[in-house]
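As structure tokens, the structure follows; a few thoughts come after it.
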Amino acid sequence: GEPEGVLMFDETGFVKKGKDSVGVARQYCGTLGKVENCQVGVFAAYASRHGYALVAKRLFMPEAWFSEDYAERRQKCQVPEELRFHTKPQLAAEMVKAIRVEGRLPFKYLVADCLYGNSPDFLDAIDACVGVTSLVSIPSDTRCWLQRPVTTEKTYKYKGAMRSQRVVAPEVAAPLTVAALAQSLPSSGWYRRRVSEGTKGPIEYEFARKRVTLCKDDLPDRTVWLVIKRTRGANPTYAFSISNAPESAPLRLFVWLSGIRWAVEQSFEETKTELGMAHYEVRKYLGWHHHMLTSMLAHFF
């Protein structure tokens, strides 16, 4: 590791037959791009100028696995009794905190896809890492304001008692979706930048950015950089991210961070195709973690 290191989060699926493997269920499998009977692991990867590696893992256990119907299966798979249901972003947030507390792997930057960027738990875990700059993807229907809106107290009567509620002032315009905001930007607001070198030449995108205040439960939330990336051509596709970077952050920082996540995808591909990460017959909770750790260590060396 090094002080300028990048921590990144993503999940990957392991297709399985049958119902006896720990955490297995019909759920979205990113490897296949559809719902399938599989296990899903949430992983942290790390990249610096010295290389890249997978550095932490958690098995995602679907909520059904914590019901009474699964009690016998939990016992057979030796699932720890103290384990409770956590969403994938909550598992990632746990890893962020653990890596930060251990202090053995320094990092200055953090990236993740929109599953995590849409999670208050994950964003709060990033906020707790003072001095860390993040770039996390968000869905296209995320709402925001270009200026932080004024709020006011609204009083109302409920069951005979007077109550108050914070609301956005009536004169404030409704929040925009980030997709609508992207469409409204003038051509002068876009900058063509090279992200990486591909097999057929340089890979270029167009970038734009705006300071926005996110909308949460119809109220203003955190103020962030909205970074928009689109493909070139007549029918561009758009990708949206938010960053906690300071107002003075240069565009080149966001361009670089937008392309760095290849490291976690490359780690999955290499570990699965070359080192048998997805080829296992273990069914128990500890067995899954042992196999993943062995694959991660082999990949590291």
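Residues in the structure tokens are numbered from 1 in each chain, the chains being A, B, ... in the order shown, and ligands are numbered from 1 in the order shown.
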
Among stretch 123-208 of chain A, which residues carry a DSSP assignment of helix (DSSP H, G or I), reported as an mmCIF file with N, CA and C atoms, in the first residue's frame?
```
data_model
loop_
_atom_site.group_PDB
_atom_site.id
_atom_site.type_symbol
_atom_site.label_atom_id
_atom_site.label_comp_id
_atom_site.auth_asym_id
_atom_site.auth_seq_id
_atom_site.Cartn_x
_atom_site.Cartn_y
_atom_site.Cartn_z
ATOM 1 N N LEU A 123 -22.385 5.777 2.371
ATOM 2 C CA LEU A 123 -21.922 7.164 2.287
ATOM 3 C C LEU A 123 -21.496 7.691 3.657
ATOM 4 N N ASP A 124 -22.214 7.277 4.709
ATOM 5 C CA ASP A 124 -21.836 7.684 6.070
ATOM 6 C C ASP A 124 -20.482 7.094 6.454
ATOM 7 N N ALA A 125 -20.227 5.855 6.027
ATOM 8 C CA ALA A 125 -18.936 5.221 6.330
ATOM 9 C C ALA A 125 -17.796 5.969 5.634
ATOM 10 N N ILE A 126 -18.046 6.465 4.428
ATOM 11 C CA ILE A 126 -17.038 7.262 3.721
ATOM 12 C C ILE A 126 -16.802 8.575 4.462
ATOM 13 N N ASP A 127 -17.900 9.219 4.883
ATOM 14 C CA ASP A 127 -17.785 10.500 5.587
ATOM 15 C C ASP A 127 -16.939 10.367 6.854
ATOM 16 N N VAL A 178 -30.795 13.738 -12.111
ATOM 17 C CA VAL A 178 -29.472 13.977 -12.704
ATOM 18 C C VAL A 178 -29.498 13.730 -14.212
ATOM 19 N N ALA A 179 -30.389 12.843 -14.662
ATOM 20 C CA ALA A 179 -30.525 12.583 -16.106
ATOM 21 C C ALA A 179 -31.050 13.827 -16.815
ATOM 22 N N ALA A 180 -32.053 14.491 -16.212
ATOM 23 C CA ALA A 180 -32.608 15.712 -16.801
ATOM 24 C C ALA A 180 -31.571 16.841 -16.788
ATOM 25 N N LEU A 181 -30.809 16.916 -15.705
ATOM 26 C CA LEU A 181 -29.765 17.937 -15.605
ATOM 27 C C LEU A 181 -28.718 17.754 -16.702
ATOM 28 N N ALA A 182 -28.338 16.510 -16.955
ATOM 29 C CA ALA A 182 -27.344 16.221 -17.997
ATOM 30 C C ALA A 182 -27.835 16.688 -19.364
ATOM 31 N N GLN A 183 -29.126 16.482 -19.641
ATOM 32 C CA GLN A 183 -29.686 16.869 -20.936
ATOM 33 C C GLN A 183 -29.730 18.383 -21.104
ATOM 34 N N SER A 184 -29.802 19.104 -19.977
ATOM 35 C CA SER A 184 -29.942 20.558 -20.040
ATOM 36 C C SER A 184 -28.606 21.290 -20.175
ATOM 37 N N SER A 187 -23.345 22.545 -24.739
ATOM 38 C CA SER A 187 -22.194 21.807 -25.285
ATOM 39 C C SER A 187 -20.875 22.327 -24.717
ATOM 40 N N SER A 188 -20.860 23.608 -24.323
ATOM 41 C CA SER A 188 -19.627 24.185 -23.760
ATOM 42 C C SER A 188 -19.297 23.626 -22.380
ATOM 43 N N GLY A 189 -20.267 22.931 -21.770
ATOM 44 C CA GLY A 189 -20.040 22.379 -20.430
ATOM 45 C C GLY A 189 -19.397 20.999 -20.442
#
```

Write out as a PDB file with N, CA, C and O atoms, in the first residue's frame the residues lying within 9 Å of stretch 248-260 of chain A, counting only C-alpha atoms and excluding same-chain residues fewer than 2 positions away.
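Output contents, as saved in out15.pdb:
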```
ATOM      1  N   VAL A   6      -5.986   3.517  -3.723  1.00  0.00           N
ATOM      2  CA  VAL A   6      -7.423   3.587  -4.018  1.00  0.00           C
ATOM      3  C   VAL A   6      -8.104   2.308  -3.516  1.00  0.00           C
ATOM      4  O   VAL A   6      -7.684   1.202  -3.847  1.00  0.00           O
ATOM      5  N   MET A   8     -11.618   0.122  -3.530  1.00  0.00           N
ATOM      6  CA  MET A   8     -12.807   0.015  -4.384  1.00  0.00           C
ATOM      7  C   MET A   8     -13.678  -1.166  -3.968  1.00  0.00           C
ATOM      8  O   MET A   8     -13.164  -2.151  -3.427  1.00  0.00           O
ATOM      9  N   ALA A  47      -5.807  -0.596  -5.207  1.00  0.00           N
ATOM     10  CA  ALA A  47      -4.876  -0.341  -6.313  1.00  0.00           C
ATOM     11  C   ALA A  47      -3.954   0.821  -5.964  1.00  0.00           C
ATOM     12  O   ALA A  47      -4.364   1.785  -5.309  1.00  0.00           O
ATOM     13  N   TYR A 109      -8.258   7.486  -1.750  1.00  0.00           N
ATOM     14  CA  TYR A 109      -9.408   7.551  -2.649  1.00  0.00           C
ATOM     15  C   TYR A 109     -10.265   6.301  -2.483  1.00  0.00           C
ATOM     16  O   TYR A 109      -9.780   5.235  -2.086  1.00  0.00           O
ATOM     17  N   LEU A 110     -11.562   6.435  -2.827  1.00  0.00           N
ATOM     18  CA  LEU A 110     -12.486   5.312  -2.712  1.00  0.00           C
ATOM     19  C   LEU A 110     -13.494   5.397  -3.848  1.00  0.00           C
ATOM     20  O   LEU A 110     -14.052   6.468  -4.111  1.00  0.00           O
ATOM     21  N   VAL A 111     -13.728   4.268  -4.534  1.00  0.00           N
ATOM     22  CA  VAL A 111     -14.689   4.233  -5.643  1.00  0.00           C
ATOM     23  C   VAL A 111     -15.612   3.020  -5.488  1.00  0.00           C
ATOM     24  O   VAL A 111     -15.239   2.003  -4.905  1.00  0.00           O
ATOM     25  N   SER A 134     -13.932  10.388  -2.448  1.00  0.00           N
ATOM     26  CA  SER A 134     -14.672   9.280  -3.062  1.00  0.00           C
ATOM     27  C   SER A 134     -15.271   9.696  -4.396  1.00  0.00           C
ATOM     28  O   SER A 134     -15.512  10.877  -4.657  1.00  0.00           O
ATOM     29  N   LEU A 135     -15.499   8.698  -5.240  1.00  0.00           N
ATOM     30  CA  LEU A 135     -16.294   8.860  -6.457  1.00  0.00           C
ATOM     31  C   LEU A 135     -17.157   7.607  -6.563  1.00  0.00           C
ATOM     32  O   LEU A 135     -16.646   6.525  -6.852  1.00  0.00           O
ATOM     33  N   VAL A 136     -18.453   7.764  -6.270  1.00  0.00           N
ATOM     34  CA  VAL A 136     -19.352   6.605  -6.275  1.00  0.00           C
ATOM     35  C   VAL A 136     -20.491   6.854  -7.255  1.00  0.00           C
ATOM     36  O   VAL A 136     -21.050   7.956  -7.315  1.00  0.00           O
ATOM     37  N   ARG A 193     -12.098  13.783 -22.711  1.00  0.00           N
ATOM     38  CA  ARG A 193     -10.897  13.364 -22.006  1.00  0.00           C
ATOM     39  C   ARG A 193     -10.608  11.891 -22.297  1.00  0.00           C
ATOM     40  O   ARG A 193     -11.513  11.073 -22.450  1.00  0.00           O
ATOM     41  N   ARG A 194      -9.327  11.548 -22.331  1.00  0.00           N
ATOM     42  CA  ARG A 194      -8.899  10.164 -22.520  1.00  0.00           C
ATOM     43  C   ARG A 194      -8.885   9.468 -21.162  1.00  0.00           C
ATOM     44  O   ARG A 194      -8.272   9.952 -20.210  1.00  0.00           O
ATOM     45  N   VAL A 195      -9.570   8.330 -21.070  1.00  0.00           N
ATOM     46  CA  VAL A 195      -9.633   7.577 -19.814  1.00  0.00           C
ATOM     47  C   VAL A 195      -8.561   6.504 -19.764  1.00  0.00           C
ATOM     48  O   VAL A 195      -7.921   6.281 -18.742  1.00  0.00           O
ATOM     49  N   SER A 196      -8.360   5.805 -20.888  1.00  0.00           N
ATOM     50  CA  SER A 196      -7.363   4.727 -20.914  1.00  0.00           C
ATOM     51  C   SER A 196      -7.014   4.385 -22.355  1.00  0.00           C
ATOM     52  O   SER A 196      -7.611   4.913 -23.300  1.00  0.00           O
ATOM     53  N   PHE A 207     -16.931  14.566 -20.374  1.00  0.00           N
ATOM     54  CA  PHE A 207     -17.228  14.753 -18.957  1.00  0.00           C
ATOM     55  C   PHE A 207     -17.826  16.135 -18.699  1.00  0.00           C
ATOM     56  O   PHE A 207     -17.471  17.112 -19.371  1.00  0.00           O
ATOM     57  N   ALA A 208     -18.719  16.195 -17.713  1.00  0.00           N
ATOM     58  CA  ALA A 208     -19.229  17.464 -17.197  1.00  0.00           C
ATOM     59  C   ALA A 208     -19.358  17.313 -15.686  1.00  0.00           C
ATOM     60  O   ALA A 208     -19.466  16.186 -15.171  1.00  0.00           O
ATOM     61  N   ARG A 209     -19.356  18.425 -14.982  1.00  0.00           N
ATOM     62  CA  ARG A 209     -19.516  18.347 -13.524  1.00  0.00           C
ATOM     63  C   ARG A 209     -20.247  19.586 -13.025  1.00  0.00           C
ATOM     64  O   ARG A 209     -20.161  20.665 -13.614  1.00  0.00           O
ATOM     65  N   VAL A 227     -20.673  14.283 -11.118  1.00  0.00           N
ATOM     66  CA  VAL A 227     -19.785  14.062 -12.262  1.00  0.00           C
ATOM     67  C   VAL A 227     -20.542  13.220 -13.286  1.00  0.00           C
ATOM     68  O   VAL A 227     -21.042  12.137 -12.970  1.00  0.00           O
ATOM     69  N   LYS A 229     -20.492  11.384 -17.043  1.00  0.00           N
ATOM     70  CA  LYS A 229     -19.644  10.857 -18.113  1.00  0.00           C
ATOM     71  C   LYS A 229     -20.545  10.308 -19.216  1.00  0.00           C
ATOM     72  O   LYS A 229     -21.525   9.609 -18.923  1.00  0.00           O
ATOM     73  N   SER A 241     -22.038  10.010 -11.255  1.00  0.00           N
ATOM     74  CA  SER A 241     -21.329   9.734 -10.001  1.00  0.00           C
ATOM     75  C   SER A 241     -21.385  10.982  -9.127  1.00  0.00           C
ATOM     76  O   SER A 241     -21.582  12.099  -9.618  1.00  0.00           O
ATOM     77  N   SER A 243     -19.183  12.938  -5.799  1.00  0.00           N
ATOM     78  CA  SER A 243     -17.891  12.962  -5.118  1.00  0.00           C
ATOM     79  C   SER A 243     -17.920  13.965  -3.974  1.00  0.00           C
ATOM     80  O   SER A 243     -18.530  15.032  -4.087  1.00  0.00           O
ATOM     81  N   ALA A 245     -15.236  15.394  -3.041  1.00  0.00           N
ATOM     82  CA  ALA A 245     -14.011  16.173  -3.247  1.00  0.00           C
ATOM     83  C   ALA A 245     -14.275  17.651  -2.977  1.00  0.00           C
ATOM     84  O   ALA A 245     -15.403  18.133  -3.155  1.00  0.00           O
ATOM     85  N   PRO A 246     -13.264  18.394  -2.549  1.00  0.00           N
ATOM     86  CA  PRO A 246     -13.442  19.828  -2.304  1.00  0.00           C
ATOM     87  C   PRO A 246     -13.782  20.578  -3.589  1.00  0.00           C
ATOM     88  O   PRO A 246     -13.561  20.071  -4.696  1.00  0.00           O
ATOM     89  N   TRP A 262     -11.502  -0.455 -13.067  1.00  0.00           N
ATOM     90  CA  TRP A 262     -11.156  -1.644 -13.852  1.00  0.00           C
ATOM     91  C   TRP A 262     -10.374  -2.636 -12.989  1.00  0.00           C
ATOM     92  O   TRP A 262     -10.398  -3.843 -13.244  1.00  0.00           O
ATOM     93  N   ALA A 263      -9.675  -2.139 -11.967  1.00  0.00           N
ATOM     94  CA  ALA A 263      -8.811  -3.015 -11.168  1.00  0.00           C
ATOM     95  C   ALA A 263      -9.604  -4.094 -10.436  1.00  0.00           C
ATOM     96  O   ALA A 263      -9.169  -5.247 -10.359  1.00  0.00           O
ATOM     97  N   VAL A 264     -10.771  -3.747  -9.898  1.00  0.00           N
ATOM     98  CA  VAL A 264     -11.563  -4.758  -9.179  1.00  0.00           C
ATOM     99  C   VAL A 264     -12.172  -5.748 -10.182  1.00  0.00           C
ATOM    100  O   VAL A 264     -12.216  -6.961  -9.923  1.00  0.00           O
TER     101      VAL A 264
END
```

Would you mind telling me which residue in A:Gly131, A:Pro202, A:Pro139, A:Pro175 lies nearest to A:Cys114 when using only C-alpha atoms?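 Between A:Gly131, A:Pro202, A:Pro139, A:Pro175, the residue approaching A:Cys114 most closely is A:Pro139.
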
Which residue gives the smallest distance to A:Leu105 among A:Thr87, A:Glu2, A:Phe66, A:Glu153, with only C-alpha atoms counted? A:Glu2

Could you name the residues that touch A:Ala25 at 9 Å or less, counting only C-alpha atoms, but leaving out those on the same chain fewer than 3 positions away, as a PyMOL selection string? chain A and resi 16+19+36-39+61-62+64-65

File of the preceding selection, N, CA, C and O atoms, as a compact mmCIF listing (two decimals), in the first residue's frame:
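Saved as result_2.txt:
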```
# COMPACT_ATOMS: atom_id res chain seq x y z
N LYS A 16 -24.55 -21.60 -8.59
CA LYS A 16 -24.60 -22.87 -7.84
C LYS A 16 -25.87 -23.64 -8.20
O LYS A 16 -26.90 -23.03 -8.54
N LYS A 19 -29.73 -26.17 -3.13
CA LYS A 19 -30.09 -25.19 -2.09
C LYS A 19 -29.28 -25.34 -0.82
O LYS A 19 -29.58 -24.71 0.20
N GLU A 36 -30.30 -15.61 -11.01
CA GLU A 36 -29.92 -17.02 -11.12
C GLU A 36 -29.71 -17.58 -9.72
O GLU A 36 -29.55 -16.83 -8.75
N ASN A 37 -29.70 -18.89 -9.60
CA ASN A 37 -29.40 -19.53 -8.32
C ASN A 37 -27.89 -19.39 -8.07
O ASN A 37 -27.08 -19.96 -8.80
N CYS A 38 -27.52 -18.62 -7.06
CA CYS A 38 -26.09 -18.32 -6.89
C CYS A 38 -25.80 -17.84 -5.47
O CYS A 38 -26.71 -17.57 -4.67
N GLN A 39 -24.51 -17.74 -5.16
CA GLN A 39 -24.02 -17.06 -3.99
C GLN A 39 -23.42 -15.73 -4.46
O GLN A 39 -22.97 -15.63 -5.60
N MET A 61 -25.59 -12.72 2.63
CA MET A 61 -26.60 -13.70 3.04
C MET A 61 -27.98 -13.08 2.83
O MET A 61 -28.35 -12.14 3.54
N PRO A 62 -28.77 -13.57 1.86
CA PRO A 62 -30.11 -13.02 1.64
C PRO A 62 -30.95 -13.08 2.92
O PRO A 62 -30.75 -13.95 3.77
N ALA A 64 -33.85 -14.06 3.60
CA ALA A 64 -34.59 -15.31 3.85
C ALA A 64 -33.76 -16.29 4.68
O ALA A 64 -34.31 -17.11 5.43
N TRP A 65 -32.43 -16.22 4.55
CA TRP A 65 -31.57 -17.15 5.27
C TRP A 65 -31.61 -16.95 6.79
O TRP A 65 -31.14 -17.80 7.55
```
